[in-house]
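The next block is input32.pdb, given as PDB, C-alpha atoms.
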```pdb
ATOM      1  CA  MET A   1      97.386 243.961  44.833  1.00  0.00           C
ATOM      2  CA  ILE A   2      95.647 242.826  41.629  1.00  0.00           C
ATOM      3  CA  ASP A   3      95.444 246.401  40.320  1.00  0.00           C
ATOM      4  CA  VAL A   4      99.194 246.809  40.825  1.00  0.00           C
ATOM      5  CA  LEU A   5      99.926 243.550  39.030  1.00  0.00           C
ATOM      6  CA  ASN A   6      97.673 244.465  36.108  1.00  0.00           C
ATOM      7  CA  LYS A   7      99.788 247.563  35.460  1.00  0.00           C
ATOM      8  CA  PHE A   8     102.882 245.469  34.765  1.00  0.00           C
ATOM      9  CA  SER A   9     103.415 243.381  31.671  1.00  0.00           C
ATOM     10  CA  PHE A  10     106.208 242.145  29.488  1.00  0.00           C
ATOM     11  CA  VAL A  11     107.468 244.762  27.076  1.00  0.00           C
ATOM     12  CA  ALA A  12     109.399 242.314  24.906  1.00  0.00           C
ATOM     13  CA  HIS A  13     110.596 238.718  24.849  1.00  0.00           C
ATOM     14  CA  ALA A  14     113.502 236.981  23.138  1.00  0.00           C
ATOM     15  CA  PRO A  15     112.745 233.250  22.870  1.00  0.00           C
ATOM     16  CA  GLY A  16     115.358 230.852  24.216  1.00  0.00           C
ATOM     17  CA  ASN A  17     116.109 227.295  23.185  1.00  0.00           C
ATOM     18  CA  TRP A  18     113.541 225.778  25.568  1.00  0.00           C
ATOM     19  CA  ASP A  19     110.776 227.886  24.026  1.00  0.00           C
ATOM     20  CA  PHE A  20     111.038 225.633  20.954  1.00  0.00           C
ATOM     21  CA  LEU A  21     110.689 222.356  22.880  1.00  0.00           C
ATOM     22  CA  TYR A  22     107.098 221.584  21.825  1.00  0.00           C
ATOM     23  CA  GLY A  23     107.663 222.131  18.111  1.00  0.00           C
ATOM     24  CA  PRO A  24     107.050 224.876  15.552  1.00  0.00           C
ATOM     25  CA  ALA A  25     103.238 224.763  15.669  1.00  0.00           C
ATOM     26  CA  ARG A  26     103.120 225.271  19.434  1.00  0.00           C
ATOM     27  CA  PHE A  27     105.924 227.849  19.274  1.00  0.00           C
ATOM     28  CA  GLU A  28     103.968 229.920  16.759  1.00  0.00           C
ATOM     29  CA  GLU A  29     100.701 229.490  18.655  1.00  0.00           C
ATOM     30  CA  THR A  30     102.451 230.682  21.824  1.00  0.00           C
ATOM     31  CA  PHE A  31     104.593 233.541  20.526  1.00  0.00           C
ATOM     32  CA  LYS A  32     103.262 234.572  17.108  1.00  0.00           C
ATOM     33  CA  GLY A  33      99.588 233.706  17.023  1.00  0.00           C
ATOM     34  CA  VAL A  34      97.951 231.579  14.335  1.00  0.00           C
ATOM     35  CA  ASN A  35      94.797 231.662  12.216  1.00  0.00           C
ATOM     36  CA  GLY A  36      94.101 235.267  13.161  1.00  0.00           C
ATOM     37  CA  ASN A  37      94.339 234.513  16.878  1.00  0.00           C
ATOM     38  CA  PRO A  38      96.715 236.480  19.109  1.00  0.00           C
ATOM     39  CA  PRO A  39      99.676 234.667  20.673  1.00  0.00           C
ATOM     40  CA  LEU A  40      98.952 232.735  23.864  1.00  0.00           C
ATOM     41  CA  ALA A  41     101.860 234.502  25.556  1.00  0.00           C
ATOM     42  CA  ASN A  42     101.448 238.118  24.515  1.00  0.00           C
ATOM     43  CA  TRP A  43     104.992 239.033  25.486  1.00  0.00           C
ATOM     44  CA  ASN A  44     105.902 240.696  22.176  1.00  0.00           C
ATOM     45  CA  ALA A  45     108.317 237.960  21.133  1.00  0.00           C
ATOM     46  CA  MET A  46     110.959 239.164  18.671  1.00  0.00           C
ATOM     47  CA  ALA A  47     113.779 237.416  16.823  1.00  0.00           C
ATOM     48  CA  SER A  48     115.664 239.031  13.980  1.00  0.00           C
ATOM     49  CA  ASN A  49     117.748 235.875  13.495  1.00  0.00           C
ATOM     50  CA  LEU A  50     114.973 233.260  13.179  1.00  0.00           C
ATOM     51  CA  TYR A  51     113.865 232.316   9.664  1.00  0.00           C
ATOM     52  CA  TYR A  52     111.676 229.817   7.890  1.00  0.00           C
ATOM     53  CA  THR A  53     113.670 227.456   5.695  1.00  0.00           C
ATOM     54  CA  ASN A  54     110.783 227.080   3.249  1.00  0.00           C
ATOM     55  CA  GLN A  55     109.289 230.593   2.964  1.00  0.00           C
ATOM     56  CA  PHE A  56     110.459 233.838   1.399  1.00  0.00           C
ATOM     57  CA  ASP A  57     109.727 237.537   1.923  1.00  0.00           C
ATOM     58  CA  ASP A  58     110.768 239.870  -0.876  1.00  0.00           C
ATOM     59  CA  ASN A  59     110.333 242.890   1.419  1.00  0.00           C
ATOM     60  CA  ALA A  60     112.691 241.562   4.108  1.00  0.00           C
ATOM     61  CA  VAL A  61     115.850 243.513   4.880  1.00  0.00           C
ATOM     62  CA  CYS A  62     119.033 242.762   6.816  1.00  0.00           C
ATOM     63  CA  GLY A  63     118.754 239.025   6.530  1.00  0.00           C
ATOM     64  CA  VAL A  64     119.529 235.692   5.007  1.00  0.00           C
ATOM     65  CA  THR A  65     118.857 234.868   1.376  1.00  0.00           C
ATOM     66  CA  ALA A  66     118.472 231.539  -0.389  1.00  0.00           C
ATOM     67  CA  THR A  67     117.618 230.192  -3.798  1.00  0.00           C
ATOM     68  CA  ASP A  68     113.875 229.701  -4.164  1.00  0.00           C
ATOM     69  CA  PRO A  69     113.439 226.195  -5.623  1.00  0.00           C
ATOM     70  CA  ALA A  70     110.209 227.243  -7.348  1.00  0.00           C
ATOM     71  CA  THR A  71     111.800 230.081  -9.337  1.00  0.00           C
ATOM     72  CA  GLY A  72     115.550 229.488  -9.167  1.00  0.00           C
ATOM     73  CA  THR A  73     116.069 233.073  -7.987  1.00  0.00           C
ATOM     74  CA  VAL A  74     117.814 234.249  -4.831  1.00  0.00           C
ATOM     75  CA  ARG A  75     115.290 235.725  -2.399  1.00  0.00           C
ATOM     76  CA  PRO A  76     115.272 236.867   1.242  1.00  0.00           C
ATOM     77  CA  ARG A  77     114.085 234.273   3.720  1.00  0.00           C
ATOM     78  CA  LYS A  78     110.954 235.079   5.726  1.00  0.00           C
ATOM     79  CA  ARG A  79     111.321 235.670   9.466  1.00  0.00           C
ATOM     80  CA  VAL A  80     109.131 233.809  11.931  1.00  0.00           C
ATOM     81  CA  LEU A  81     108.695 236.688  14.405  1.00  0.00           C
ATOM     82  CA  PRO A  82     108.881 240.473  14.393  1.00  0.00           C
ATOM     83  CA  ILE A  83     112.400 241.907  14.435  1.00  0.00           C
ATOM     84  CA  TYR A  84     112.293 244.952  16.682  1.00  0.00           C
ATOM     85  CA  MET A  85     110.044 247.458  18.373  1.00  0.00           C
ATOM     86  CA  ILE A  86     110.355 251.097  19.348  1.00  0.00           C
ATOM     87  CA  LYS A  87     109.257 252.414  22.724  1.00  0.00           C
ATOM     88  CA  GLN A  88     109.035 256.026  23.823  1.00  0.00           C
ATOM     89  CA  VAL A  89     110.369 256.407  27.378  1.00  0.00           C
ATOM     90  CA  GLY A  90     109.967 260.013  28.398  1.00  0.00           C
ATOM     91  CA  ASN A  91     111.878 261.976  25.765  1.00  0.00           C
ATOM     92  CA  VAL A  92     113.965 258.986  24.689  1.00  0.00           C
ATOM     93  CA  ARG A  93     113.154 256.737  21.732  1.00  0.00           C
ATOM     94  CA  VAL A  94     114.356 253.231  22.524  1.00  0.00           C
ATOM     95  CA  GLY A  95     114.796 250.602  19.835  1.00  0.00           C
ATOM     96  CA  ILE A  96     114.580 247.047  21.154  1.00  0.00           C
ATOM     97  CA  LEU A  97     116.115 244.410  18.888  1.00  0.00           C
ATOM     98  CA  GLY A  98     115.250 240.759  19.555  1.00  0.00           C
ATOM     99  CA  MET A  99     117.707 237.903  19.093  1.00  0.00           C
ATOM    100  CA  THR A 100     116.733 234.295  19.760  1.00  0.00           C
ATOM    101  CA  THR A 101     119.154 231.498  20.504  1.00  0.00           C
ATOM    102  CA  ALA A 102     121.496 230.376  17.750  1.00  0.00           C
ATOM    103  CA  ARG A 103     121.813 226.904  19.246  1.00  0.00           C
ATOM    104  CA  ALA A 104     118.208 225.724  19.445  1.00  0.00           C
ATOM    105  CA  ILE A 105     118.766 222.923  16.935  1.00  0.00           C
ATOM    106  CA  ALA A 106     121.767 221.633  18.903  1.00  0.00           C
ATOM    107  CA  ALA A 107     120.006 222.056  22.251  1.00  0.00           C
ATOM    108  CA  VAL A 108     116.534 220.681  21.550  1.00  0.00           C
ATOM    109  CA  GLY A 109     116.836 218.876  18.212  1.00  0.00           C
ATOM    110  CA  THR A 110     115.729 219.066  14.619  1.00  0.00           C
ATOM    111  CA  SER A 111     112.252 217.619  15.112  1.00  0.00           C
ATOM    112  CA  VAL A 112     111.118 220.544  17.284  1.00  0.00           C
ATOM    113  CA  THR A 113     112.809 223.172  15.123  1.00  0.00           C
ATOM    114  CA  GLN A 114     111.690 221.754  11.776  1.00  0.00           C
ATOM    115  CA  ASN A 115     111.584 224.361   8.973  1.00  0.00           C
ATOM    116  CA  TYR A 116     113.364 226.942  11.156  1.00  0.00           C
ATOM    117  CA  MET A 117     116.809 228.406  10.572  1.00  0.00           C
ATOM    118  CA  PHE A 118     118.791 230.199  13.290  1.00  0.00           C
ATOM    119  CA  THR A 119     121.758 232.501  12.699  1.00  0.00           C
ATOM    120  CA  ASN A 120     124.443 233.875  15.019  1.00  0.00           C
ATOM    121  CA  GLY A 121     123.244 237.454  14.451  1.00  0.00           C
ATOM    122  CA  LYS A 122     126.505 238.795  13.038  1.00  0.00           C
ATOM    123  CA  ASP A 123     124.793 239.968   9.847  1.00  0.00           C
ATOM    124  CA  GLU A 124     121.523 241.091  11.391  1.00  0.00           C
ATOM    125  CA  VAL A 125     122.853 243.093  14.360  1.00  0.00           C
ATOM    126  CA  PRO A 126     124.876 245.802  12.573  1.00  0.00           C
ATOM    127  CA  CYS A 127     122.264 246.177   9.852  1.00  0.00           C
ATOM    128  CA  PHE A 128     119.384 246.604  12.296  1.00  0.00           C
ATOM    129  CA  VAL A 129     121.354 248.809  14.692  1.00  0.00           C
ATOM    130  CA  ASN A 130     122.083 251.076  11.731  1.00  0.00           C
ATOM    131  CA  ARG A 131     118.439 250.941  10.616  1.00  0.00           C
ATOM    132  CA  LEU A 132     117.114 251.712  14.108  1.00  0.00           C
ATOM    133  CA  ARG A 133     119.449 254.695  14.509  1.00  0.00           C
ATOM    134  CA  ASN A 134     119.392 256.157  11.006  1.00  0.00           C
ATOM    135  CA  VAL A 135     115.988 255.224   9.604  1.00  0.00           C
ATOM    136  CA  GLU A 136     113.834 254.915  12.722  1.00  0.00           C
ATOM    137  CA  GLY A 137     115.651 257.715  14.599  1.00  0.00           C
ATOM    138  CA  VAL A 138     116.001 256.000  17.966  1.00  0.00           C
ATOM    139  CA  ASP A 139     118.241 257.445  20.673  1.00  0.00           C
ATOM    140  CA  VAL A 140     119.232 254.131  22.261  1.00  0.00           C
ATOM    141  CA  VAL A 141     119.430 250.598  20.862  1.00  0.00           C
ATOM    142  CA  VAL A 142     118.871 247.741  23.297  1.00  0.00           C
ATOM    143  CA  MET A 143     119.519 244.214  22.092  1.00  0.00           C
ATOM    144  CA  MET A 144     117.508 241.659  24.024  1.00  0.00           C
ATOM    145  CA  SER A 145     119.441 238.447  23.454  1.00  0.00           C
ATOM    146  CA  GLU A 146     119.295 234.699  23.943  1.00  0.00           C
ATOM    147  CA  LEU A 147     122.429 234.239  21.821  1.00  0.00           C
ATOM    148  CA  GLU A 148     124.579 232.983  24.711  1.00  0.00           C
ATOM    149  CA  MET A 149     126.894 235.304  26.607  1.00  0.00           C
ATOM    150  CA  SER A 150     130.069 234.573  24.615  1.00  0.00           C
ATOM    151  CA  ARG A 151     128.330 235.517  21.346  1.00  0.00           C
ATOM    152  CA  ASP A 152     126.939 238.698  22.908  1.00  0.00           C
ATOM    153  CA  ILE A 153     130.411 239.680  24.135  1.00  0.00           C
ATOM    154  CA  GLN A 154     131.834 239.019  20.686  1.00  0.00           C
ATOM    155  CA  ILE A 155     129.121 241.186  19.111  1.00  0.00           C
ATOM    156  CA  ALA A 156     129.795 243.993  21.604  1.00  0.00           C
ATOM    157  CA  GLU A 157     133.552 243.864  21.000  1.00  0.00           C
ATOM    158  CA  THR A 158     133.782 243.240  17.262  1.00  0.00           C
ATOM    159  CA  ILE A 159     130.650 244.408  15.424  1.00  0.00           C
ATOM    160  CA  ALA A 160     130.052 247.989  14.417  1.00  0.00           C
ATOM    161  CA  PRO A 161     127.673 249.549  14.832  1.00  0.00           C
ATOM    162  CA  ALA A 162     126.887 247.675  18.030  1.00  0.00           C
ATOM    163  CA  PRO A 163     123.859 248.062  20.301  1.00  0.00           C
ATOM    164  CA  ASP A 164     124.197 250.502  23.184  1.00  0.00           C
ATOM    165  CA  VAL A 165     122.960 247.880  25.645  1.00  0.00           C
ATOM    166  CA  ILE A 166     122.833 244.086  25.413  1.00  0.00           C
ATOM    167  CA  LEU A 167     120.506 242.293  27.814  1.00  0.00           C
ATOM    168  CA  ASN A 168     121.444 238.629  28.030  1.00  0.00           C
TER
END
```
Rewritten as structure tokens:
Amino acid sequence: MIDVLNKFSFVAHAPGNWDFLYGPARFEETFKGVNGNPPLANWNAMASNLYYTNQFDDNAVCGVTATDPATGTVRPRKRVLPIYMIKQVGNVRVGILGMTTARAIAAVGTSVTQNYMFTNGKDEVPCFVNRLRNVEGVDVVVMMSELEMSRDIQIAETIAPAPDVILN
């Protein structure tokens, strides 16, 4: 039985609002890893719509920008977690796009989401779907989402290009 269980693991994880309950330091220790240590939960957490409010990444694409108070210039915000991954399944290249909750601040409060910014994904989804298909060459785009079902339905019905599959 143990050998069978060892063969199975999480491929990817989209954090939900309760994953933020113990604050940013514990969130990052659990899902990102800190000080060169791997994450406690090695579930390949991804969130293309989760940003730091106080850090920038000039190489970031498909995201939110803000004025850097140190320089006065508009720069892309830095993401907290990886955005997507690509898995080969037989002859099919699958792009998996992660989306965390957009309502974590409302659900669990500002003290446990301090220095984090959450978006509704409407800017990130079409940009990354396009990037996965046209730059990365995937055959199928799966969006793994904690955005709430109504937002996922709205994305599926109104955003182009949309993911092929949305797992909510």
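As for CA of Ala60 in chain A and CA of Gly137 in chain A, they are spaced 19.5 Å apart.
Compared by their closest atoms to Arg131 in chain A, and using all atoms listed in the file, the residues A:Gly95, A:Gly90, A:Gly16, A:Pro38 rank with A:Gly95 nearest.
Our summary of the geometry notes that CA of Ala12 in chain A is positioned 28.7 Å from CA of Arg75 in chain A.
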Item to check | Expected selection from the PyMOL selection byres ((chain A and resi 104) around 8), given as an NGL selection string | outcome: :A and (16-18 or 20 or 101-103 or 105-109 or 113 or 118)
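Contact shell of range 122-127 of chain A at 7 Å (only C-alpha atoms; same-chain neighbours under 3 positions omitted): Ser48, Asn49, Cys62, Gly63, Asn130, Arg131, Ile159, Ala160, Pro161 and Ala162 of chain A.
With CA of Trp43 in chain A on one side and CA of Asn120 in chain A on the other, the separation reads 22.7 Å.
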Next on the checklist: If the PyMOL selection byres ((chain A and resi 139) around 10) were run on this exact file, what residues would it hold? Put them as a ChimeraX atom specification.
Outcome noted: /A:88,91-95,132-134,136-138,140-141,164
Put those residues in a file: C-alpha atoms, as a short mmCIF file (atom, residue, chain, number, x, y, z; two decimals), in the frame of the given file.
```cif
data_model
loop_
_atom_site.label_atom_id
_atom_site.label_comp_id
_atom_site.auth_asym_id
_atom_site.auth_seq_id
_atom_site.Cartn_x
_atom_site.Cartn_y
_atom_site.Cartn_z
CA GLN A 88 109.04 256.03 23.82
CA ASN A 91 111.88 261.98 25.76
CA VAL A 92 113.96 258.99 24.69
CA ARG A 93 113.15 256.74 21.73
CA VAL A 94 114.36 253.23 22.52
CA GLY A 95 114.80 250.60 19.84
CA LEU A 132 117.11 251.71 14.11
CA ARG A 133 119.45 254.70 14.51
CA ASN A 134 119.39 256.16 11.01
CA GLU A 136 113.83 254.92 12.72
CA GLY A 137 115.65 257.71 14.60
CA VAL A 138 116.00 256.00 17.97
CA VAL A 140 119.23 254.13 22.26
CA VAL A 141 119.43 250.60 20.86
CA ASP A 164 124.20 250.50 23.18
#
```
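When the PyMOL selection byres ((chain A and resi 27) around 12) is evaluated on the file shown here, the picked residues come out as Pro15, Gly16, Asn17, Trp18, Asp19, Phe20, Leu21, Tyr22, Gly23, Pro24, Ala25, Arg26, Glu28, Glu29, Thr30, Phe31, Lys32, Gly33, Val34, Pro39, Leu40, Ala41, Ala45, Val80, Leu81, Val112, Thr113, Gln114 and Tyr116 of chain A.
Each of A:Met99, A:Met117, A:Thr73, A:Phe128 was compared to Arg151 in chain A using only C-alpha atoms, and A:Met99 turns out to be the nearest.
Of the residues listed (A:Met143, A:Phe56, A:Ala14, A:Ala47), A:Phe56 shows the shortest atom-to-atom separation from Thr71 in chain A; distances use all atoms listed in the file.
Of the residues under consideration (A:Gln154, A:Ser111, A:Asn35, A:Asn42), A:Asn42 shows the shortest atom-to-atom contact distance to Phe10 in chain A when counting only C-alpha atoms.
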Next on the checklist: Please list as a count of residues only every residue within 10 Å of Gln55 in chain A, counting all atoms listed in the file and excluding residues in the same chain fewer than 5 positions away.
Outcome noted: 10
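Each of A:Val64, A:Val165, A:Leu97, A:Ala156 was compared to Met46 in chain A using all atoms listed in the file, and A:Leu97 turns out to be the nearest.
When all atoms listed in the file are used to compute distances to Leu167 in chain A, the closest of the residues A:Thr100, A:Ser145, A:Thr67, A:Thr119 turns out to be A:Ser145.
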Will you model all heavy atoms for range 104-115 of chain A and pass it back as a short mmCIF file (atom, residue, chain, number, x, y, z; two decimals), in the frame of the given file?
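Below is the file selection.cif, written as the result:
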```cif
data_model
loop_
_atom_site.label_atom_id
_atom_site.label_comp_id
_atom_site.auth_asym_id
_atom_site.auth_seq_id
_atom_site.Cartn_x
_atom_site.Cartn_y
_atom_site.Cartn_z
N ALA A 104 119.42 226.50 19.15
CA ALA A 104 118.21 225.72 19.44
C ALA A 104 118.25 224.34 18.82
O ALA A 104 117.86 223.36 19.45
CB ALA A 104 116.97 226.47 18.98
N ILE A 105 118.72 224.23 17.60
CA ILE A 105 118.77 222.92 16.93
C ILE A 105 119.68 221.98 17.71
O ILE A 105 119.33 220.84 17.98
CB ILE A 105 119.19 223.06 15.46
CG1 ILE A 105 118.10 223.81 14.69
CG2 ILE A 105 119.48 221.71 14.84
CD1 ILE A 105 118.46 224.18 13.27
N ALA A 106 120.84 222.47 18.13
CA ALA A 106 121.77 221.63 18.90
C ALA A 106 121.22 221.31 20.29
O ALA A 106 121.44 220.22 20.81
CB ALA A 106 123.12 222.34 19.03
N ALA A 107 120.49 222.25 20.88
CA ALA A 107 120.01 222.06 22.25
C ALA A 107 118.75 221.20 22.34
O ALA A 107 118.63 220.37 23.24
CB ALA A 107 119.74 223.41 22.90
N VAL A 108 117.81 221.39 21.43
CA VAL A 108 116.53 220.68 21.55
C VAL A 108 116.21 219.78 20.36
O VAL A 108 115.22 219.06 20.40
CB VAL A 108 115.36 221.66 21.82
CG1 VAL A 108 115.53 222.33 23.15
CG2 VAL A 108 115.21 222.68 20.71
N GLY A 109 116.99 219.83 19.30
CA GLY A 109 116.84 218.88 18.21
C GLY A 109 116.13 219.40 16.99
O GLY A 109 115.45 220.42 17.01
N THR A 110 116.29 218.66 15.91
CA THR A 110 115.73 219.07 14.62
C THR A 110 114.23 218.84 14.52
O THR A 110 113.55 219.54 13.77
CB THR A 110 116.43 218.32 13.47
OG1 THR A 110 116.31 216.92 13.69
CG2 THR A 110 117.90 218.70 13.37
N SER A 111 113.69 217.89 15.24
CA SER A 111 112.25 217.62 15.11
C SER A 111 111.41 218.76 15.67
O SER A 111 110.32 219.02 15.17
CB SER A 111 111.88 216.31 15.79
OG SER A 111 112.09 216.39 17.19
N VAL A 112 111.90 219.46 16.69
CA VAL A 112 111.12 220.54 17.28
C VAL A 112 111.48 221.91 16.71
O VAL A 112 110.89 222.92 17.09
CB VAL A 112 111.24 220.56 18.83
CG1 VAL A 112 110.67 219.28 19.41
CG2 VAL A 112 112.65 220.79 19.28
N THR A 113 112.44 221.92 15.80
CA THR A 113 112.81 223.17 15.12
C THR A 113 112.67 223.02 13.61
O THR A 113 113.26 223.77 12.85
CB THR A 113 114.25 223.58 15.48
OG1 THR A 113 115.14 222.50 15.15
CG2 THR A 113 114.38 223.93 16.95
N GLN A 114 111.86 222.06 13.20
CA GLN A 114 111.69 221.75 11.78
C GLN A 114 111.22 222.99 11.01
O GLN A 114 110.33 223.72 11.45
CB GLN A 114 110.68 220.64 11.61
CG GLN A 114 110.54 220.14 10.20
CD GLN A 114 109.60 218.95 10.12
OE1 GLN A 114 108.83 218.68 11.03
NE2 GLN A 114 109.67 218.24 9.02
N ASN A 115 111.86 223.23 9.86
CA ASN A 115 111.58 224.36 8.97
C ASN A 115 111.98 225.71 9.56
O ASN A 115 111.54 226.75 9.07
CB ASN A 115 110.12 224.39 8.53
CG ASN A 115 109.75 223.17 7.71
OD1 ASN A 115 110.56 222.69 6.92
ND2 ASN A 115 108.55 222.66 7.90
#
```
